[in-house]
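Take a look at the structure below.
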Amino acid sequence: GGAVRVAAGVEYREEFLDAGLSSGTVSAPVKSGLRSSRNNKSVFAEVFVPVVSEANALPGVRALDLSLAGRYERYSDFGSTTNPRIGVNWTVVNGLRLHASYGTSFRAPQLVEANDRSAGWGVYPVVNFRDPLSPTGFSSGISIAGGNSQVQPESATTWSFGFDLEPAAVQGLRVGVNYFRLTYEDQITALQGNNTVLLNSFYADKVIRNPTPAQLAAALNLDGSPRPVNGILPSTIDVIIDGRRNNQGLTKFSGLDFDVTYNFDTDVGRFNVGANATKLLTLRTAPTPTAPLVSQKGNINWPAEFRARAQAGWRN
């Protein structure tokens, strides 16, 4: 169907974090420095293969092309990741094209998220949190906050398919419809400040109940140094909550994209009108993989359930 095209490259990047933290009292502050760095090596390539074109068209297959891409990345602090993408365009007849794609992607944790001594790190008091497993109905203890050197990248899987229509009977008209679906896993979130932790069983792996002296010492210290204490800790430690950055969030959403344009000539010039819109079909989130998915579609602080934009132009 034509010439195969290839693009390839390599990339090297370095990142640095240099910050400081002052805690305690004004008269006797406790200061600590924070430095971390990492490097990232990447290799990527894309291949475009025109399997069928006008040169070798078939009935029902006026054109068919494939796009194959991949990216390999290696980070000095957490390891490597490989992400492919596959796309196909199929022109059934002149004016009707079908397309589909599949791919994976990721977001590396920021240095501030992956450093134990960052992001407000320290120990915070937990006082009288509602707790159905406590004889009194309430528990007190401590919550550990900050970054987490064990945090891993967030990842996503994406699918899409749709069509583009340019009818010969209406010159200048183009209509496109595309369905998309995305699953976003291992999202980095923190439980610090969440007073419902003890009420939900899906947070159980982030809670230590009736901690031993060794577990309490491990929570109050990091690599032999005491964690900053923010506030007055309760005399009785019933629970230890891991409120640091962790890979625990999940989001799933799907929707439809619409795009319509129409260009036409008149005695006074060329006009173009059009509109594009996105309709969210589902938007569900869960704070952990074992928690129930909750619909967020149409809620405040989340993407709009429906949005659209129209445009018009004239040229002469």
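Identifiers for the structure tokens are assigned positionally: chains receive A, B, ... in sequence, residues are indexed from 1 per chain, and ligands are indexed from 1 in the order shown.
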Taking the DSSP assignment computed from this structure's backbone, write out as a compact mmCIF listing (two decimals) with N, CA and C atoms, in the first residue's frame all residues of stretch 102-289 of chain A that belong to strand (DSSP E).
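Output contents, as saved in result20.txt:
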# COMPACT_ATOMS: atom_id res chain seq x y z
N TYR A 102 -5.54 1.03 20.85
CA TYR A 102 -5.34 0.46 22.19
C TYR A 102 -3.96 0.89 22.67
N GLY A 103 -3.84 1.19 23.93
CA GLY A 103 -2.53 1.58 24.44
C GLY A 103 -2.49 1.56 25.95
N THR A 104 -1.28 1.61 26.46
CA THR A 104 -1.07 1.75 27.90
C THR A 104 -0.17 2.95 28.13
N SER A 105 -0.26 3.52 29.32
CA SER A 105 0.57 4.66 29.66
C SER A 105 0.82 4.64 31.17
N PHE A 106 1.66 5.54 31.62
CA PHE A 106 1.97 5.58 33.05
C PHE A 106 2.39 6.98 33.44
N ARG A 107 2.35 7.24 34.74
CA ARG A 107 2.88 8.49 35.30
C ARG A 107 3.83 8.12 36.41
N GLY A 122 5.95 13.29 58.76
CA GLY A 122 5.95 13.35 60.22
C GLY A 122 4.86 12.48 60.80
N VAL A 123 4.64 12.67 62.10
CA VAL A 123 3.64 11.92 62.84
C VAL A 123 2.57 12.90 63.33
N TYR A 124 1.31 12.55 63.14
CA TYR A 124 0.19 13.41 63.51
C TYR A 124 -0.73 12.66 64.48
N PRO A 125 -1.33 13.37 65.43
CA PRO A 125 -2.22 12.71 66.38
C PRO A 125 -3.54 12.29 65.74
N VAL A 126 -4.04 11.16 66.15
CA VAL A 126 -5.37 10.68 65.79
C VAL A 126 -6.15 10.60 67.09
N VAL A 127 -7.17 11.45 67.25
CA VAL A 127 -7.89 11.54 68.51
C VAL A 127 -9.36 11.24 68.29
N ASN A 128 -9.83 10.20 68.96
CA ASN A 128 -11.25 9.85 68.98
C ASN A 128 -11.84 9.72 67.57
N PHE A 129 -11.17 8.94 66.73
CA PHE A 129 -11.75 8.59 65.45
C PHE A 129 -12.83 7.53 65.68
N ARG A 130 -13.95 7.68 65.01
CA ARG A 130 -15.01 6.67 65.12
C ARG A 130 -14.47 5.33 64.63
N PHE A 138 -14.67 4.34 69.66
CA PHE A 138 -13.70 5.34 69.24
C PHE A 138 -12.30 4.81 69.49
N SER A 139 -11.32 5.27 68.68
CA SER A 139 -9.92 4.91 68.88
C SER A 139 -9.05 6.14 68.69
N SER A 140 -7.89 6.12 69.34
CA SER A 140 -6.90 7.19 69.20
C SER A 140 -5.55 6.58 68.88
N GLY A 141 -4.68 7.38 68.34
CA GLY A 141 -3.36 6.87 68.00
C GLY A 141 -2.59 7.88 67.20
N ILE A 142 -1.89 7.40 66.17
CA ILE A 142 -1.07 8.28 65.34
C ILE A 142 -1.27 7.95 63.86
N SER A 143 -0.97 8.93 63.04
CA SER A 143 -0.99 8.76 61.59
C SER A 143 0.36 9.21 61.04
N ILE A 144 0.95 8.39 60.18
CA ILE A 144 2.23 8.72 59.56
C ILE A 144 1.95 9.40 58.22
N ALA A 145 2.58 10.53 57.99
CA ALA A 145 2.35 11.28 56.75
C ALA A 145 3.66 11.50 56.02
N GLU A 154 1.87 5.27 38.53
CA GLU A 154 0.47 5.09 38.18
C GLU A 154 0.42 4.55 36.74
N SER A 155 -0.63 3.80 36.43
CA SER A 155 -0.72 3.21 35.09
C SER A 155 -2.14 3.35 34.55
N ALA A 156 -2.24 3.29 33.23
CA ALA A 156 -3.55 3.42 32.58
C ALA A 156 -3.61 2.56 31.34
N THR A 157 -4.80 2.08 31.03
CA THR A 157 -5.08 1.34 29.80
C THR A 157 -6.20 2.06 29.06
N THR A 158 -6.00 2.33 27.78
CA THR A 158 -6.98 3.10 27.01
C THR A 158 -7.43 2.34 25.78
N TRP A 159 -8.72 2.46 25.48
CA TRP A 159 -9.31 1.91 24.26
C TRP A 159 -10.11 3.01 23.57
N SER A 160 -10.18 2.96 22.26
CA SER A 160 -11.07 3.87 21.55
C SER A 160 -11.41 3.28 20.18
N PHE A 161 -12.59 3.60 19.69
CA PHE A 161 -12.96 3.25 18.31
C PHE A 161 -14.08 4.18 17.88
N GLY A 162 -14.15 4.40 16.57
CA GLY A 162 -15.16 5.30 16.04
C GLY A 162 -15.13 5.36 14.53
N PHE A 163 -15.73 6.42 13.98
CA PHE A 163 -15.79 6.55 12.52
C PHE A 163 -15.76 8.02 12.14
N ASP A 164 -15.31 8.27 10.90
CA ASP A 164 -15.37 9.58 10.27
C ASP A 164 -16.16 9.44 8.97
N LEU A 165 -17.13 10.32 8.78
CA LEU A 165 -18.01 10.25 7.62
C LEU A 165 -17.91 11.56 6.85
N LEU A 173 -18.93 18.47 4.22
CA LEU A 173 -19.44 18.01 5.52
C LEU A 173 -18.58 16.87 6.04
N ARG A 174 -18.21 16.96 7.31
CA ARG A 174 -17.48 15.89 7.96
C ARG A 174 -18.08 15.64 9.34
N VAL A 175 -18.36 14.37 9.64
CA VAL A 175 -18.93 13.98 10.92
C VAL A 175 -18.04 12.92 11.54
N GLY A 176 -17.65 13.11 12.78
CA GLY A 176 -16.83 12.13 13.48
C GLY A 176 -17.42 11.77 14.82
N VAL A 177 -17.41 10.49 15.14
CA VAL A 177 -17.87 9.99 16.43
C VAL A 177 -16.82 9.02 16.95
N ASN A 178 -16.46 9.16 18.22
CA ASN A 178 -15.43 8.31 18.80
C ASN A 178 -15.82 7.90 20.22
N TYR A 179 -15.73 6.60 20.51
CA TYR A 179 -15.97 6.08 21.86
C TYR A 179 -14.62 5.84 22.52
N PHE A 180 -14.50 6.21 23.78
CA PHE A 180 -13.25 5.98 24.50
C PHE A 180 -13.55 5.36 25.87
N ARG A 181 -12.59 4.58 26.33
CA ARG A 181 -12.68 3.96 27.66
C ARG A 181 -11.30 3.93 28.28
N LEU A 182 -11.20 4.30 29.54
CA LEU A 182 -9.91 4.38 30.21
C LEU A 182 -10.01 3.81 31.62
N THR A 183 -9.03 3.01 31.97
CA THR A 183 -8.90 2.49 33.33
C THR A 183 -7.59 3.00 33.91
N TYR A 184 -7.69 3.73 35.01
CA TYR A 184 -6.54 4.40 35.62
C TYR A 184 -6.30 3.75 36.98
N GLU A 185 -5.17 3.03 37.11
CA GLU A 185 -4.92 2.23 38.30
C GLU A 185 -3.69 2.74 39.07
N ASP A 186 -3.58 2.26 40.31
CA ASP A 186 -2.42 2.58 41.16
C ASP A 186 -2.24 4.08 41.35
N GLN A 187 -3.34 4.82 41.41
CA GLN A 187 -3.24 6.26 41.61
C GLN A 187 -2.66 6.56 42.99
N ILE A 188 -1.80 7.55 43.04
CA ILE A 188 -1.09 7.89 44.27
C ILE A 188 -1.96 8.83 45.09
N THR A 189 -2.39 8.36 46.25
CA THR A 189 -3.19 9.16 47.16
C THR A 189 -2.67 8.98 48.57
N ALA A 190 -3.13 9.83 49.49
CA ALA A 190 -2.70 9.77 50.88
C ALA A 190 -3.92 9.78 51.79
N VAL A 207 -3.87 0.09 58.41
CA VAL A 207 -4.11 0.31 59.84
C VAL A 207 -3.46 -0.81 60.65
N ILE A 208 -2.71 -0.45 61.68
CA ILE A 208 -2.17 -1.40 62.66
C ILE A 208 -2.90 -1.16 63.97
N ARG A 209 -3.61 -2.18 64.45
CA ARG A 209 -4.36 -2.06 65.69
C ARG A 209 -3.55 -2.67 66.85
N ASN A 221 9.99 6.55 64.09
CA ASN A 221 11.35 6.79 63.60
C ASN A 221 11.47 6.37 62.14
N LEU A 222 12.43 6.98 61.46
CA LEU A 222 12.73 6.64 60.07
C LEU A 222 14.24 6.56 59.91
N SER A 225 16.27 7.99 62.72
CA SER A 225 16.02 9.38 63.13
C SER A 225 14.54 9.55 63.46
N PRO A 226 14.21 10.31 64.49
CA PRO A 226 12.81 10.50 64.85
C PRO A 226 12.06 11.30 63.79
N VAL A 239 -4.16 2.72 67.54
CA VAL A 239 -3.98 2.44 66.12
C VAL A 239 -2.81 3.24 65.56
N ILE A 240 -2.20 2.69 64.53
CA ILE A 240 -1.24 3.41 63.70
C ILE A 240 -1.78 3.39 62.28
N ILE A 241 -1.96 4.58 61.69
CA ILE A 241 -2.51 4.69 60.34
C ILE A 241 -1.39 5.12 59.39
N ASP A 242 -1.26 4.38 58.31
CA ASP A 242 -0.29 4.75 57.27
C ASP A 242 -0.96 5.77 56.35
N ARG A 245 1.87 8.74 51.06
CA ARG A 245 1.52 8.50 49.67
C ARG A 245 1.60 7.00 49.37
N ASN A 246 0.55 6.45 48.79
CA ASN A 246 0.52 5.04 48.43
C ASN A 246 -0.22 4.86 47.11
N ASN A 247 0.08 3.77 46.41
CA ASN A 247 -0.65 3.43 45.18
C ASN A 247 -1.94 2.73 45.58
N GLN A 248 -3.05 3.45 45.57
CA GLN A 248 -4.27 2.81 46.04
C GLN A 248 -5.53 3.27 45.32
N GLY A 249 -5.48 4.32 44.51
CA GLY A 249 -6.69 4.81 43.86
C GLY A 249 -6.99 4.11 42.54
N LEU A 250 -8.26 4.13 42.14
CA LEU A 250 -8.72 3.51 40.90
C LEU A 250 -9.79 4.40 40.27
N THR A 251 -9.67 4.67 38.98
CA THR A 251 -10.67 5.44 38.24
C THR A 251 -10.99 4.75 36.92
N LYS A 252 -12.27 4.66 36.61
CA LYS A 252 -12.71 4.12 35.32
C LYS A 252 -13.69 5.10 34.69
N PHE A 253 -13.44 5.45 33.44
CA PHE A 253 -14.41 6.30 32.78
C PHE A 253 -14.48 6.00 31.29
N SER A 254 -15.61 6.36 30.71
CA SER A 254 -15.85 6.14 29.28
C SER A 254 -16.74 7.26 28.77
N GLY A 255 -16.72 7.45 27.46
CA GLY A 255 -17.54 8.50 26.90
C GLY A 255 -17.51 8.53 25.40
N LEU A 256 -18.15 9.54 24.84
CA LEU A 256 -18.24 9.71 23.39
C LEU A 256 -17.76 11.13 23.03
N ASP A 257 -16.96 11.20 21.98
CA ASP A 257 -16.56 12.47 21.39
C ASP A 257 -17.31 12.65 20.07
N PHE A 258 -17.84 13.84 19.85
CA PHE A 258 -18.53 14.17 18.60
C PHE A 258 -17.83 15.37 17.95
N ASP A 259 -17.75 15.33 16.64
CA ASP A 259 -17.12 16.44 15.91
C ASP A 259 -17.82 16.59 14.56
N VAL A 260 -18.36 17.77 14.29
CA VAL A 260 -19.06 18.05 13.03
C VAL A 260 -18.52 19.35 12.45
N THR A 261 -18.13 19.33 11.21
CA THR A 261 -17.70 20.55 10.52
C THR A 261 -18.34 20.59 9.14
N TYR A 262 -18.60 21.81 8.65
CA TYR A 262 -19.20 21.98 7.33
C TYR A 262 -18.60 23.23 6.72
N ASN A 263 -17.96 23.07 5.56
CA ASN A 263 -17.35 24.18 4.83
C ASN A 263 -18.10 24.34 3.50
N PHE A 264 -18.43 25.57 3.16
CA PHE A 264 -19.15 25.77 1.90
C PHE A 264 -18.83 27.16 1.35
N ASP A 265 -18.90 27.28 0.02
CA ASP A 265 -18.59 28.53 -0.68
C ASP A 265 -19.87 29.24 -1.09
N THR A 266 -19.83 30.57 -1.01
CA THR A 266 -20.94 31.39 -1.46
C THR A 266 -20.38 32.54 -2.30
N GLY A 269 -18.01 34.71 -0.11
CA GLY A 269 -16.86 34.12 0.56
C GLY A 269 -17.11 32.69 1.01
N ARG A 270 -16.14 32.15 1.71
CA ARG A 270 -16.20 30.77 2.18
C ARG A 270 -16.55 30.76 3.67
N PHE A 271 -17.54 29.96 4.01
CA PHE A 271 -17.99 29.84 5.39
C PHE A 271 -17.58 28.47 5.93
N ASN A 272 -17.31 28.45 7.24
CA ASN A 272 -17.11 27.17 7.92
C ASN A 272 -17.81 27.23 9.27
N VAL A 273 -18.57 26.20 9.56
CA VAL A 273 -19.28 26.09 10.84
C VAL A 273 -18.98 24.71 11.40
N GLY A 274 -19.09 24.59 12.69
CA GLY A 274 -18.82 23.29 13.28
C GLY A 274 -19.09 23.28 14.77
N ALA A 275 -19.00 22.10 15.33
CA ALA A 275 -19.18 21.92 16.77
C ALA A 275 -18.50 20.64 17.19
N ASN A 276 -18.00 20.63 18.42
CA ASN A 276 -17.47 19.39 18.99
C ASN A 276 -17.99 19.27 20.42
N ALA A 277 -18.16 18.05 20.87
CA ALA A 277 -18.75 17.80 22.18
C ALA A 277 -18.20 16.51 22.76
N THR A 278 -18.23 16.41 24.07
CA THR A 278 -17.86 15.19 24.78
C THR A 278 -18.96 14.86 25.78
N LYS A 279 -19.43 13.64 25.73
CA LYS A 279 -20.45 13.15 26.64
C LYS A 279 -19.85 12.03 27.48
N LEU A 280 -19.74 12.25 28.79
CA LEU A 280 -19.26 11.20 29.68
C LEU A 280 -20.38 10.19 29.91
N LEU A 281 -20.07 8.93 29.66
CA LEU A 281 -21.04 7.86 29.91
C LEU A 281 -20.89 7.31 31.32
N THR A 282 -19.66 7.09 31.75
CA THR A 282 -19.41 6.63 33.11
C THR A 282 -18.18 7.34 33.65
N LEU A 283 -18.17 7.55 34.94
CA LEU A 283 -17.00 8.08 35.65
C LEU A 283 -17.10 7.56 37.08
N ARG A 284 -16.33 6.52 37.37
CA ARG A 284 -16.41 5.87 38.67
C ARG A 284 -15.03 5.81 39.31
N THR A 285 -14.97 6.02 40.60
CA THR A 285 -13.69 6.02 41.31
C THR A 285 -13.81 5.16 42.57
N ALA A 286 -12.65 4.69 43.02
CA ALA A 286 -12.57 3.95 44.27
C ALA A 286 -11.27 4.33 44.96
If you run DSSP on this backbone, which residues of stretch 147-202 of chain A come out as helix (DSSP H, G or I), and could you give them as a ChimeraX atom specification?
/A:197-199,201-202
Work out how far apart atom CA of A:Ser295 and atom CA of A:Leu198 are and give it in Å to one decimal.
22.5 Å
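You will find atom CA of A:Leu191 at 29.0 Å from atom CA of A:Arg74.
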Identify, on the basis of only C-alpha atoms, every residue whose closest approach to stretch 37-49 of chain A does not exceed 9 Å; exclude the query and any residue fewer than 6 positions from it along the same chain; express the result as an MDAnalysis selection string.
chainID A and resid 1:18 64:77 85 111
Using only N, CA and C atoms, please write the residues we just selected to a file, as a compact mmCIF listing (two decimals), in the first residue's frame.
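result-v4.txt, written as the output of this step:
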# COMPACT_ATOMS: atom_id res chain seq x y z
N GLY A 1 0.79 -1.22 0.00
CA GLY A 1 0.00 0.00 0.00
C GLY A 1 0.82 1.27 0.00
N GLY A 2 2.13 1.16 -0.01
CA GLY A 2 2.95 2.36 0.00
C GLY A 2 4.16 2.19 0.89
N ALA A 3 4.88 3.26 1.09
CA ALA A 3 6.13 3.19 1.84
C ALA A 3 5.85 3.08 3.34
N VAL A 4 6.58 2.21 3.99
CA VAL A 4 6.54 2.08 5.44
C VAL A 4 7.40 3.19 6.05
N ARG A 5 6.88 3.83 7.08
CA ARG A 5 7.61 4.93 7.72
C ARG A 5 7.95 4.54 9.16
N VAL A 6 9.12 4.90 9.57
CA VAL A 6 9.61 4.55 10.91
C VAL A 6 10.19 5.81 11.56
N ALA A 7 9.86 5.99 12.83
CA ALA A 7 10.46 7.05 13.64
C ALA A 7 10.97 6.42 14.93
N ALA A 8 12.16 6.80 15.36
CA ALA A 8 12.73 6.22 16.56
C ALA A 8 13.61 7.24 17.25
N GLY A 9 13.82 7.03 18.54
CA GLY A 9 14.68 7.97 19.26
C GLY A 9 15.03 7.46 20.64
N VAL A 10 15.92 8.18 21.27
CA VAL A 10 16.32 7.90 22.64
C VAL A 10 16.25 9.21 23.42
N GLU A 11 16.13 9.08 24.74
CA GLU A 11 16.02 10.27 25.58
C GLU A 11 16.70 9.99 26.92
N TYR A 12 17.33 11.01 27.46
CA TYR A 12 17.93 10.92 28.80
C TYR A 12 17.53 12.16 29.57
N ARG A 13 17.09 11.95 30.81
CA ARG A 13 16.61 13.09 31.60
C ARG A 13 17.06 12.90 33.05
N GLU A 14 17.39 14.00 33.70
CA GLU A 14 17.73 13.98 35.12
C GLU A 14 16.79 14.92 35.87
N GLU A 15 16.39 14.49 37.06
CA GLU A 15 15.51 15.30 37.91
C GLU A 15 16.16 15.44 39.29
N PHE A 16 15.97 16.62 39.89
CA PHE A 16 16.54 16.89 41.20
C PHE A 16 15.48 17.53 42.09
N LEU A 17 15.53 17.20 43.37
CA LEU A 17 14.68 17.82 44.37
C LEU A 17 15.58 18.29 45.51
N ASP A 18 15.48 19.58 45.84
CA ASP A 18 16.28 20.16 46.92
C ASP A 18 15.34 21.04 47.73
N LEU A 64 -6.23 0.78 4.27
CA LEU A 64 -6.03 0.17 5.58
C LEU A 64 -4.60 0.45 6.02
N ASP A 65 -4.46 1.11 7.14
CA ASP A 65 -3.10 1.37 7.63
C ASP A 65 -3.01 1.08 9.12
N LEU A 66 -1.83 0.68 9.54
CA LEU A 66 -1.56 0.33 10.93
C LEU A 66 -0.51 1.26 11.50
N SER A 67 -0.67 1.58 12.77
CA SER A 67 0.32 2.36 13.49
C SER A 67 0.71 1.59 14.74
N LEU A 68 1.99 1.24 14.84
CA LEU A 68 2.50 0.46 15.97
C LEU A 68 3.58 1.28 16.66
N ALA A 69 3.42 1.50 17.96
CA ALA A 69 4.37 2.32 18.68
C ALA A 69 4.68 1.69 20.03
N GLY A 70 5.84 2.00 20.55
CA GLY A 70 6.24 1.49 21.86
C GLY A 70 7.26 2.39 22.50
N ARG A 71 7.27 2.38 23.83
CA ARG A 71 8.23 3.19 24.57
C ARG A 71 8.70 2.41 25.79
N TYR A 72 10.00 2.31 25.94
CA TYR A 72 10.60 1.64 27.09
C TYR A 72 11.34 2.69 27.90
N GLU A 73 11.08 2.71 29.21
CA GLU A 73 11.73 3.68 30.08
C GLU A 73 12.32 2.97 31.30
N ARG A 74 13.46 3.43 31.71
CA ARG A 74 14.10 2.90 32.91
C ARG A 74 14.45 4.05 33.84
N TYR A 75 13.90 3.97 35.05
CA TYR A 75 14.17 4.98 36.07
C TYR A 75 15.16 4.42 37.08
N SER A 76 16.03 5.27 37.55
CA SER A 76 17.08 4.81 38.47
C SER A 76 16.53 4.46 39.84
N ASP A 77 15.33 4.97 40.17
CA ASP A 77 14.83 4.73 41.54
C ASP A 77 13.79 3.64 41.65
N ARG A 85 1.39 1.03 21.93
CA ARG A 85 0.17 1.61 21.38
C ARG A 85 -0.05 1.03 19.98
N LEU A 111 9.25 13.27 42.53
CA LEU A 111 10.28 13.08 43.56
C LEU A 111 9.73 13.41 44.94
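The interatomic distance for the pair atom CA of A:Pro213 and atom CA of A:Val112 works out to 29.7 Å.
The closest residue to A:Trp121, picked from A:Gln215, A:Asn94, A:Asn56, A:Gln192 and counting only C-alpha atoms, is A:Gln192.
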I'd like the neighbourhood of A:Gly24 as a ChimeraX atom specification, where a residue qualifies if any of its atoms comes within 12 Å (using only C-alpha atoms), though same-chain residues fewer than 5 positions away should be ignored.
/A:29-32,122,227-232
For the residues selected in the previous step, produce a file with N, CA, C and O atoms as a tab-separated table (two decimals), in the first residue's frame.
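Output (part_31.tsv):
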chain	number	residue	atom	x	y	z
A	29	PRO	N	13.35	25.54	66.69
A	29	PRO	CA	12.95	24.80	65.48
A	29	PRO	C	13.86	23.61	65.22
A	29	PRO	O	15.04	23.62	65.58
A	30	VAL	N	13.26	22.59	64.62
A	30	VAL	CA	14.01	21.41	64.18
A	30	VAL	C	14.04	21.45	62.66
A	30	VAL	O	13.00	21.35	62.01
A	31	LYS	N	15.23	21.61	62.11
A	31	LYS	CA	15.36	21.76	60.66
A	31	LYS	C	16.00	20.51	60.06
A	31	LYS	O	16.90	19.91	60.64
A	32	SER	N	15.51	20.15	58.89
A	32	SER	CA	16.07	19.00	58.18
A	32	SER	C	16.11	19.31	56.69
A	32	SER	O	15.21	19.98	56.16
A	122	GLY	N	5.95	13.29	58.76
A	122	GLY	CA	5.95	13.35	60.22
A	122	GLY	C	4.86	12.48	60.80
A	122	GLY	O	4.24	11.67	60.12
A	227	ARG	N	10.85	10.88	63.49
A	227	ARG	CA	9.99	11.65	62.63
A	227	ARG	C	9.49	12.89	63.39
A	227	ARG	O	9.24	12.82	64.59
A	228	PRO	N	9.33	14.03	62.70
A	228	PRO	CA	8.77	15.21	63.38
A	228	PRO	C	7.38	14.91	63.92
A	228	PRO	O	6.55	14.30	63.24
A	229	VAL	N	7.12	15.34	65.14
A	229	VAL	CA	5.81	15.15	65.76
A	229	VAL	C	5.03	16.45	65.63
A	229	VAL	O	5.47	17.50	66.10
A	230	ASN	N	3.87	16.38	64.99
A	230	ASN	CA	3.05	17.56	64.73
A	230	ASN	C	1.83	17.53	65.65
A	230	ASN	O	0.82	16.91	65.34
A	231	GLY	N	1.95	18.16	66.80
A	231	GLY	CA	0.86	18.16	67.76
A	231	GLY	C	1.19	17.34	68.99
A	231	GLY	O	2.30	16.82	69.15
A	232	ILE	N	0.20	17.19	69.86
A	232	ILE	CA	0.36	16.43	71.09
A	232	ILE	C	-0.23	15.04	70.88
A	232	ILE	O	-1.43	14.90	70.59
From the set A:Arg62, A:Arg117, A:Arg315, A:Lys297, which residue has the shortest atom-to-atom contact distance to A:Thr91, counting only C-alpha atoms?
A:Arg62
